[in-house]
Number of protein chains: 4
Amino acid sequence: MRLDASTPLPTGTLSRMPVVNSESRRARSGNRRDEAARVAVLHAADDLLVEHGFGALTIEAIARRAGVAKQTIYRWWPSKVEILLDTLIEDSDKHVPVPTGEVTADGVRDYLRGFARFLTGDPAGKVLLTLIAQAQHDPGTAGSFHERYLGPRRDQERDLLARALDAGVIAPRLGLDEVVDALVGPIVYRALVGAAVPDALVDALVDDLLRPRPES
Amino acid sequence: MRLDASTPLPTGTLSRMPVVNSESRRARSGNRRDEAARVAVLHAADDLLVEHGFGALTIEAIARRAGVAKQTIYRWWPSKVEILLDTLIEDSDKHVPVPTGEVTADGVRDYLRGFARFLTGDPAGKVLLTLIAQAQHDPGTAGSFHERYLGPRRDQERDLLARALDAGVIAPRLGLDEVVDALVGPIVYRALVGAAVPDALVDALVDDLLRPRPES
Amino acid sequence: MRLDASTPLPTGTLSRMPVVNSESRRARSGNRRDEAARVAVLHAADDLLVEHGFGALTIEAIARRAGVAKQTIYRWWPSKVEILLDTLIEDSDKHVPVPTGEVTADGVRDYLRGFARFLTGDPAGKVLLTLIAQAQHDPGTAGSFHERYLGPRRDQERDLLARALDAGVIAPRLGLDEVVDALVGPIVYRALVGAAVPDALVDALVDDLLRPRPES
Amino acid sequence: MRLDASTPLPTGTLSRMPVVNSESRRARSGNRRDEAARVAVLHAADDLLVEHGFGALTIEAIARRAGVAKQTIYRWWPSKVEILLDTLIEDSDKHVPVPTGEVTADGVRDYLRGFARFLTGDPAGKVLLTLIAQAQHDPGTAGSFHERYLGPRRDQERDLLARALDAGVIAPRLGLDEVVDALVGPIVYRALVGAAVPDALVDALVDDLLRPRPES
DNA sequence: GTGTAATCGAGACGGTACGTCGAGTCTTCAG
DNA sequence: CTGAAGACTCGACGTACCGTCTCGATTACAC
């Protein structure tokens, strides 16, 4: 859930930085975007959400905690939701990457176990739940959440299952999209209602939905 | 989603009204709770949510729309979430009651189809999604939402499946709780991300998770 | 420059108070205007202007100092200028009332002396200078300043001179309006440029402009 | 009120320009002060003041309108008031110079008539009124306004009257300073309160205050 | 009957956060 | 060394709701 100042700028397109004087970090502000401010905002938002909940996640509180002016936030992010999206994208890619390349039955199962742990144990998982929630309240949030996170990730997950199917390591009786929902849905749902998602549950789902039947 | 003034008062304990003056609505205020005000508040909350989203659902807007003083709302409901809970409980019991008594395989399937339609098509379903969302933001909401809605309903659903199992009309390979999540989870999840939940999807889930295997 | 809580409400028309429980002052707020808040705002504005100048006279600072919410100020005053106008009107009527009734040559002279002292010595005089200044910057200010203060006062001054003329105690060679400007103008002008306005100067003006010529 | 690029630089000390490239205005910027930028700023300030009032006279608006960077303004002027002072000094010397040399009674009267017209009719007169106003709000403004404009001009006016007195063309009964205030004060005062200053009023003041009495 | 008590609409109050604007400082880059 | 560009911190703007309060009117029940 931590972001360091050396990660590239995820917001907007002007992502390249003039390498940022390796030492120093004393050349603050000027004509280019201040990377330190950007990271401070992401951290502050994260921390506030985890420590005090979404209700305490106001632009003013973020600015206060990040030691940054409100205007700096408004300049780069259209809403606090986009701040959370920025952190979520970095964190989920880092903590639960969708496996690429060769895939086994265990690979699928382990990914889902990891995803369940991310959702219920990792502070960054709380960001995902929060965004799902906020998407219910605000169509704008729903839009960019789908476009920037949910769509791409679902594509990767679908692709993972497609490769597993091709490799013959799974044998679902439902279509690919249905299988994605049948696996991810229960995990997310339990996380949303505050229930645990033990490995055994994930394993049972995987077993029931993906395992080739021994018959014939 | 409509509540009429003849429904009993779900909040507080003094629920019965003295028959409400047949001819009028001109004898305002007095010593007893004003049923018309109660209903007006529930309607106003509903309407605002459906028409303008959760962001527009403020106590002041509800009071304005209901033609009621803010204090009247604060007197009877601890938060706007409780208002939504009141409407949700009435509506979901009315629109998608969990079947009781004798249960068949089709009965289970039809209930889930109805629940999916409620979530994605009925305005009252939006209230449920909204409450799931708000429960992520606020522990208080989470508490009463579980206590007053989610817990009881899950118990009923679990009971439904237990009776179906006893009757031998379903043959799940997962435990009862897992089956509830495996069925309800995908439906809720798709509704949350704005996707449709066609009957075919519900049927496929039911078929894959509950149907006795023909093997041997 | 001090206003006590027993003065009537000058803003708006709803001026009558239910006598305000003589003792107590513990019945704060309700559904009538809070007199204590009104007075606190006037005092705070006054004090800030005198102590730190017009630049420090922000709505937020007034609210802070008065221990009042910003909204309370915006509810009752359209701008901070109107707050100053309220204090000015009360103070100038109290500190330099235009004499009424019988008038003598000395009466005119003393009024002008008092007015000069008010402008240059009294903190409330600074309010007047500030309003003249702000009227240059903002047409709205100019409007209400003329309507609520300058017009009425000029009428009174003109009337004073008219009565003096009728009584034969002055003999100006200019018209009444010209005389008002010729007397008041220099006083205000010197106050504006930060110069003193000694009695001798006032006397000289009065003598030169109003005294009957000894010549036959 | 217009300043052309050939006028000398009044601000700072490096006033001479390297003749300003005869053929162009295409060799922008370099290591000498850019005269075009200076003039553009003065014009922009003037125009904004006249067109939209003092409230619209912000550094950012001036920079925007002048097509100049904020820093360029901050580099050369300590405040926006000094920009106005620069334009005022040039304009008032050009539009209402205090007469020098031989002086007649008519010369004094005509000067005051011109001054009155400048204050009430000329856009540049608005700059003077604005500065008088702003001097009430800010001691810094008051300081440089007196030093750079008010003091010198009053000296010239006093000197004018002194020469007229020596020449025997006026016969005031008040001291020189009092006469200056008695003449200028009413004019400025009426301009400040938005009243007209007709020639007849000026003439009456001159007549009453300066004309030798026919007595005996 | 006549208090007494609880209701209701209305709306003022002290607060907090909103999203915007301008101030004045600083840094980069091009001439 | 200049000027244009523009990011930065800071603080005020005027608005919207929050949750609490006090009012005056209304109505039912207990005495």
# chains A, B, ... in the order shown; residues from 1 in each chain; ligands from 1
>>> calpha_fit_rmsd(fixed="chain D", moving="chain C")
0.6 Å
>>> select_by_dssp(residues="stretch 54-146 of chain A", states="helix (DSSP H, G or I)", output="number ranges by chain")
A: 54-56, 59-66, 70-76, 80-95, 105-121, 123-137, 139-146
>>> write_last_selection(atoms="C-alpha atoms", output="PDB file, in the first residue's frame")
ATOM      1  CA  PHE A  54     -14.422   7.073   4.194  1.00  0.00           C
ATOM      2  CA  GLY A  55     -16.315   9.651   6.211  1.00  0.00           C
ATOM      3  CA  ALA A  56     -13.048  11.241   7.244  1.00  0.00           C
ATOM      4  CA  ILE A  59     -10.221  16.870   0.448  1.00  0.00           C
ATOM      5  CA  GLU A  60      -9.349  19.210   3.282  1.00  0.00           C
ATOM      6  CA  ALA A  61      -8.210  16.388   5.514  1.00  0.00           C
ATOM      7  CA  ILE A  62      -6.101  14.883   2.757  1.00  0.00           C
ATOM      8  CA  ALA A  63      -4.506  18.236   2.050  1.00  0.00           C
ATOM      9  CA  ARG A  64      -3.878  18.819   5.732  1.00  0.00           C
ATOM     10  CA  ARG A  65      -2.319  15.431   6.257  1.00  0.00           C
ATOM     11  CA  ALA A  66      -0.275  15.518   3.083  1.00  0.00           C
ATOM     12  CA  LYS A  70      -6.129  22.028  -1.564  1.00  0.00           C
ATOM     13  CA  GLN A  71      -5.596  23.634  -4.925  1.00  0.00           C
ATOM     14  CA  THR A  72      -2.819  21.195  -5.696  1.00  0.00           C
ATOM     15  CA  ILE A  73      -5.246  18.353  -5.258  1.00  0.00           C
ATOM     16  CA  TYR A  74      -7.926  19.957  -7.360  1.00  0.00           C
ATOM     17  CA  ARG A  75      -5.365  20.693 -10.038  1.00  0.00           C
ATOM     18  CA  TRP A  76      -4.492  17.054 -10.587  1.00  0.00           C
ATOM     19  CA  LYS A  80     -11.124  12.110  -4.204  1.00  0.00           C
ATOM     20  CA  VAL A  81     -12.314   8.948  -5.851  1.00  0.00           C
ATOM     21  CA  GLU A  82      -9.661   9.328  -8.516  1.00  0.00           C
ATOM     22  CA  ILE A  83      -7.048   9.550  -5.817  1.00  0.00           C
ATOM     23  CA  LEU A  84      -8.221   6.229  -4.447  1.00  0.00           C
ATOM     24  CA  LEU A  85      -8.243   4.776  -7.942  1.00  0.00           C
ATOM     25  CA  ASP A  86      -4.631   5.803  -8.421  1.00  0.00           C
ATOM     26  CA  THR A  87      -3.581   4.028  -5.262  1.00  0.00           C
ATOM     27  CA  LEU A  88      -5.739   1.004  -5.982  1.00  0.00           C
ATOM     28  CA  ILE A  89      -4.305   0.466  -9.429  1.00  0.00           C
ATOM     29  CA  GLU A  90      -0.745   0.604  -8.189  1.00  0.00           C
ATOM     30  CA  ASP A  91      -1.426  -1.521  -5.152  1.00  0.00           C
ATOM     31  CA  SER A  92      -3.521  -4.226  -6.739  1.00  0.00           C
ATOM     32  CA  ASP A  93      -1.021  -4.694  -9.543  1.00  0.00           C
ATOM     33  CA  LYS A  94       1.659  -5.026  -6.931  1.00  0.00           C
ATOM     34  CA  HIS A  95      -0.140  -7.180  -4.378  1.00  0.00           C
ATOM     35  CA  ALA A 105      -5.095 -25.347 -11.899  1.00  0.00           C
ATOM     36  CA  ASP A 106      -3.225 -24.435  -8.766  1.00  0.00           C
ATOM     37  CA  GLY A 107      -2.279 -21.111 -10.338  1.00  0.00           C
ATOM     38  CA  VAL A 108      -5.932 -20.179 -10.716  1.00  0.00           C
ATOM     39  CA  ARG A 109      -6.726 -21.298  -7.219  1.00  0.00           C
ATOM     40  CA  ASP A 110      -3.790 -19.409  -5.732  1.00  0.00           C
ATOM     41  CA  TYR A 111      -4.717 -16.241  -7.537  1.00  0.00           C
ATOM     42  CA  LEU A 112      -8.214 -16.362  -6.111  1.00  0.00           C
ATOM     43  CA  ARG A 113      -6.885 -17.118  -2.636  1.00  0.00           C
ATOM     44  CA  GLY A 114      -4.591 -14.113  -2.962  1.00  0.00           C
ATOM     45  CA  PHE A 115      -7.419 -11.939  -4.173  1.00  0.00           C
ATOM     46  CA  ALA A 116      -9.569 -12.989  -1.230  1.00  0.00           C
ATOM     47  CA  ARG A 117      -6.779 -12.196   1.185  1.00  0.00           C
ATOM     48  CA  PHE A 118      -6.222  -8.850  -0.527  1.00  0.00           C
ATOM     49  CA  LEU A 119      -9.870  -7.954  -0.125  1.00  0.00           C
ATOM     50  CA  THR A 120     -10.254  -8.980   3.472  1.00  0.00           C
ATOM     51  CA  GLY A 121      -6.798  -8.540   4.952  1.00  0.00           C
ATOM     52  CA  PRO A 123      -5.577  -2.265   3.774  1.00  0.00           C
ATOM     53  CA  ALA A 124      -5.445  -1.716   0.038  1.00  0.00           C
ATOM     54  CA  GLY A 125      -8.332  -4.096  -0.308  1.00  0.00           C
ATOM     55  CA  LYS A 126     -10.410  -1.650   1.638  1.00  0.00           C
ATOM     56  CA  VAL A 127      -9.832   0.830  -1.139  1.00  0.00           C
ATOM     57  CA  LEU A 128     -11.389  -1.563  -3.611  1.00  0.00           C
ATOM     58  CA  LEU A 129     -14.430  -2.162  -1.439  1.00  0.00           C
ATOM     59  CA  THR A 130     -14.760   1.565  -0.916  1.00  0.00           C
ATOM     60  CA  LEU A 131     -14.713   2.207  -4.635  1.00  0.00           C
ATOM     61  CA  ILE A 132     -17.306  -0.448  -5.320  1.00  0.00           C
ATOM     62  CA  ALA A 133     -19.423   1.246  -2.680  1.00  0.00           C
ATOM     63  CA  GLN A 134     -18.897   4.760  -3.923  1.00  0.00           C
ATOM     64  CA  ALA A 135     -19.709   3.648  -7.456  1.00  0.00           C
ATOM     65  CA  GLN A 136     -23.236   2.946  -6.207  1.00  0.00           C
ATOM     66  CA  HIS A 137     -23.601   6.534  -5.048  1.00  0.00           C
ATOM     67  CA  PRO A 139     -22.285   7.571 -11.680  1.00  0.00           C
ATOM     68  CA  GLY A 140     -19.023   9.422 -12.319  1.00  0.00           C
ATOM     69  CA  THR A 141     -17.226   7.174  -9.905  1.00  0.00           C
ATOM     70  CA  ALA A 142     -18.845   4.149 -11.510  1.00  0.00           C
ATOM     71  CA  GLY A 143     -17.602   5.283 -14.887  1.00  0.00           C
ATOM     72  CA  SER A 144     -13.951   5.741 -14.147  1.00  0.00           C
ATOM     73  CA  PHE A 145     -13.877   2.806 -11.767  1.00  0.00           C
ATOM     74  CA  HIS A 146     -15.003   0.529 -14.538  1.00  0.00           C
TER      75      HIS A 146
END
>>> residues_around(residues="stretch 179-185 of chain A", least_positions_apart="6", cutoff="10 Å", atoms="only C-alpha atoms (C1' of nucleotides)", output="JSON, numbers by chain")
{"A": [112, 115, 116, 154, 155, 157, 158, 161, 172, 173, 191, 202, 205, 206, 209, 210], "B": [181, 182, 183, 184, 185, 186, 187, 188, 189, 190, 192, 201, 204, 205]}
>>> write_last_selection(atoms="N, CA, C and O atoms", output="short mmCIF file (atom, residue, chain, number, x, y, z; two decimals), in the first residue's frame")
data_model
loop_
_atom_site.label_atom_id
_atom_site.label_comp_id
_atom_site.auth_asym_id
_atom_site.auth_seq_id
_atom_site.Cartn_x
_atom_site.Cartn_y
_atom_site.Cartn_z
N LEU A 112 -6.96 -16.70 -6.79
CA LEU A 112 -8.21 -16.36 -6.11
C LEU A 112 -8.02 -16.29 -4.59
O LEU A 112 -8.59 -15.42 -3.92
N PHE A 115 -6.44 -13.01 -4.00
CA PHE A 115 -7.42 -11.94 -4.17
C PHE A 115 -8.32 -11.84 -2.94
O PHE A 115 -8.60 -10.74 -2.44
N ALA A 116 -8.72 -12.98 -2.43
CA ALA A 116 -9.57 -12.99 -1.23
C ALA A 116 -8.82 -12.39 -0.04
O ALA A 116 -9.37 -11.60 0.73
N ARG A 154 -10.97 -7.42 -15.16
CA ARG A 154 -11.83 -8.53 -15.57
C ARG A 154 -11.33 -9.16 -16.87
O ARG A 154 -11.37 -10.37 -17.04
N ASP A 155 -10.84 -8.31 -17.76
CA ASP A 155 -10.28 -8.85 -19.00
C ASP A 155 -9.12 -9.78 -18.71
O ASP A 155 -9.01 -10.86 -19.30
N GLU A 157 -8.60 -11.41 -15.97
CA GLU A 157 -9.08 -12.62 -15.30
C GLU A 157 -9.73 -13.59 -16.31
O GLU A 157 -9.50 -14.80 -16.27
N ARG A 158 -10.51 -13.03 -17.18
CA ARG A 158 -11.13 -13.85 -18.22
C ARG A 158 -10.07 -14.52 -19.07
O ARG A 158 -10.18 -15.70 -19.42
N LEU A 161 -8.51 -17.48 -17.30
CA LEU A 161 -9.32 -18.69 -17.38
C LEU A 161 -9.32 -19.27 -18.79
O LEU A 161 -9.32 -20.50 -18.97
N PRO A 172 -14.75 -26.00 -16.79
CA PRO A 172 -16.00 -25.40 -16.28
C PRO A 172 -17.18 -25.83 -17.14
O PRO A 172 -17.04 -26.06 -18.34
N ARG A 173 -18.32 -25.90 -16.53
CA ARG A 173 -19.54 -26.21 -17.27
C ARG A 173 -20.31 -24.93 -17.62
O ARG A 173 -21.29 -24.98 -18.33
N ALA A 191 -16.75 -10.26 1.30
CA ALA A 191 -15.93 -9.15 1.80
C ALA A 191 -16.81 -7.93 2.08
O ALA A 191 -16.64 -7.23 3.09
N VAL A 202 -12.76 -20.66 -0.95
CA VAL A 202 -12.25 -20.46 -2.31
C VAL A 202 -12.01 -21.81 -2.98
O VAL A 202 -12.42 -22.04 -4.13
N LEU A 205 -15.20 -23.46 -4.05
CA LEU A 205 -15.76 -22.85 -5.26
C LEU A 205 -15.01 -23.31 -6.49
O LEU A 205 -15.60 -23.71 -7.50
N VAL A 206 -13.69 -23.25 -6.40
CA VAL A 206 -12.86 -23.66 -7.53
C VAL A 206 -13.15 -25.11 -7.88
O VAL A 206 -13.36 -25.47 -9.04
N LEU A 209 -16.68 -25.52 -9.40
CA LEU A 209 -16.98 -24.85 -10.66
C LEU A 209 -15.99 -25.18 -11.78
O LEU A 209 -16.33 -25.06 -12.96
N LEU A 210 -14.78 -25.57 -11.41
CA LEU A 210 -13.76 -25.71 -12.45
C LEU A 210 -13.24 -27.14 -12.65
O LEU A 210 -12.72 -27.46 -13.71
N ASP B 181 -23.71 -18.16 -0.46
CA ASP B 181 -22.79 -17.16 -1.03
C ASP B 181 -22.55 -17.41 -2.51
O ASP B 181 -22.46 -16.46 -3.30
N ALA B 182 -22.43 -18.68 -2.87
CA ALA B 182 -22.13 -18.99 -4.26
C ALA B 182 -23.29 -18.63 -5.18
O ALA B 182 -23.09 -18.36 -6.37
N LEU B 183 -24.50 -18.61 -4.64
CA LEU B 183 -25.65 -18.23 -5.45
C LEU B 183 -25.94 -16.73 -5.40
O LEU B 183 -26.12 -16.07 -6.42
N VAL B 184 -25.99 -16.22 -4.18
CA VAL B 184 -26.35 -14.81 -4.01
C VAL B 184 -25.19 -13.89 -4.41
O VAL B 184 -25.40 -12.83 -5.00
N GLY B 185 -23.97 -14.32 -4.10
CA GLY B 185 -22.79 -13.50 -4.37
C GLY B 185 -22.71 -13.03 -5.81
O GLY B 185 -22.63 -11.81 -6.06
N PRO B 186 -22.75 -13.91 -6.77
CA PRO B 186 -22.64 -13.46 -8.16
C PRO B 186 -23.75 -12.51 -8.56
O PRO B 186 -23.52 -11.57 -9.30
N ILE B 187 -24.95 -12.78 -8.06
CA ILE B 187 -26.07 -11.89 -8.42
C ILE B 187 -25.83 -10.49 -7.89
O ILE B 187 -25.92 -9.49 -8.61
N VAL B 188 -25.52 -10.41 -6.61
CA VAL B 188 -25.28 -9.09 -6.01
C VAL B 188 -24.09 -8.41 -6.67
O VAL B 188 -24.13 -7.22 -6.98
N TYR B 189 -23.05 -9.22 -6.92
CA TYR B 189 -21.84 -8.64 -7.50
C TYR B 189 -22.12 -8.01 -8.85
O TYR B 189 -21.73 -6.88 -9.13
N ARG B 190 -22.83 -8.76 -9.69
CA ARG B 190 -23.14 -8.19 -11.01
C ARG B 190 -24.02 -6.96 -10.89
O ARG B 190 -23.84 -5.97 -11.62
N LEU B 192 -24.00 -4.87 -8.48
CA LEU B 192 -23.16 -3.78 -7.98
C LEU B 192 -22.31 -3.16 -9.09
O LEU B 192 -22.10 -1.94 -9.12
N LEU B 201 -28.27 -16.73 -16.53
CA LEU B 201 -27.15 -16.80 -15.61
C LEU B 201 -27.58 -17.45 -14.29
O LEU B 201 -26.89 -18.33 -13.76
N ALA B 204 -28.02 -21.12 -14.78
CA ALA B 204 -26.75 -21.84 -14.91
C ALA B 204 -26.13 -22.04 -13.54
O ALA B 204 -25.60 -23.11 -13.22
N LEU B 205 -26.19 -21.02 -12.71
CA LEU B 205 -25.64 -21.15 -11.35
C LEU B 205 -26.39 -22.22 -10.57
O LEU B 205 -25.78 -23.09 -9.94
#
>>> closest_atom_pairs(of="chain F", to="chain B", cutoff="6 Å", atoms="only C-alpha atoms (C1' of nucleotides)", output="Markdown table")
| residue | atom | partner | partner_atom | distance |
| --- | --- | --- | --- | --- |
| F:DT26 | C1' | B:Gly30 | CA | 5.4 |
| F:DT27 | C1' | B:Gly30 | CA | 3.7 |
| F:DA28 | C1' | B:Asn31 | CA | 5.5 |
>>> write_last_selection(atoms="N, CA and C atoms (P, O5', C5', C4', C3', O3' and C1' of nucleotides)", output="PDB file, in the first residue's frame")
ATOM      1  P    DT F  26     -53.172  26.856  16.105  1.00  0.00           P
ATOM      2  O5'  DT F  26     -52.972  25.323  16.437  1.00  0.00           O
ATOM      3  C5'  DT F  26     -52.396  24.459  15.442  1.00  0.00           C
ATOM      4  C4'  DT F  26     -52.358  23.063  16.013  1.00  0.00           C
ATOM      5  C3'  DT F  26     -53.705  22.562  16.524  1.00  0.00           C
ATOM      6  O3'  DT F  26     -53.999  21.375  15.809  1.00  0.00           O
ATOM      7  C1'  DT F  26     -51.984  22.098  18.063  1.00  0.00           C
ATOM      8  P    DT F  27     -55.478  20.766  15.833  1.00  0.00           P
ATOM      9  O5'  DT F  27     -55.366  19.627  16.944  1.00  0.00           O
ATOM     10  C5'  DT F  27     -54.577  18.478  16.663  1.00  0.00           C
ATOM     11  C4'  DT F  27     -54.290  17.757  17.949  1.00  0.00           C
ATOM     12  C3'  DT F  27     -55.531  17.213  18.666  1.00  0.00           C
ATOM     13  O3'  DT F  27     -55.416  15.810  18.642  1.00  0.00           O
ATOM     14  C1'  DT F  27     -53.957  18.119  20.167  1.00  0.00           C
ATOM     15  P    DA F  28     -56.688  14.871  18.682  1.00  0.00           P
ATOM     16  O5'  DA F  28     -56.420  14.013  20.014  1.00  0.00           O
ATOM     17  C5'  DA F  28     -55.340  13.096  20.010  1.00  0.00           C
ATOM     18  C4'  DA F  28     -54.845  12.968  21.421  1.00  0.00           C
ATOM     19  C3'  DA F  28     -55.846  12.297  22.368  1.00  0.00           C
ATOM     20  O3'  DA F  28     -55.248  11.079  22.773  1.00  0.00           O
ATOM     21  C1'  DA F  28     -54.839  14.211  23.347  1.00  0.00           C
TER      22       DA F  28
END
>>> atom_distance(atom1="atom CA of A:Asp138", atom2="atom CA of B:Gly53")
7.2 Å
>>> atom_distance(atom1="atom C1' of E:DT27", atom2="atom C1' of F:DC10")
18.7 Å
>>> closest_residue(among="A:Pro78, A:Gly67, A:Pro198, A:Pro99", to="chain E", atoms="only C-alpha atoms (C1' of nucleotides)")
A:Pro78
>>> interface_residues(of="chain E", to="chain A", cutoff="9 Å", atoms="only C-alpha atoms (C1' of nucleotides)", output="ChimeraX atom specification")
/E:17-20,26-28
>>> closest_residue(among="A:Leu165, A:Val50, A:Val96, A:Ile170", to="chain B", atoms="only C-alpha atoms")
A:Val50
>>> closest_residue(among="A:Ala45, A:Leu150, A:Ala69, A:Ala196", to="chain B", atoms="only C-alpha atoms")
A:Leu150
>>> atom_distance(atom1="atom CA of C:Ala44", atom2="atom C1' of E:DA12")
19.9 Å
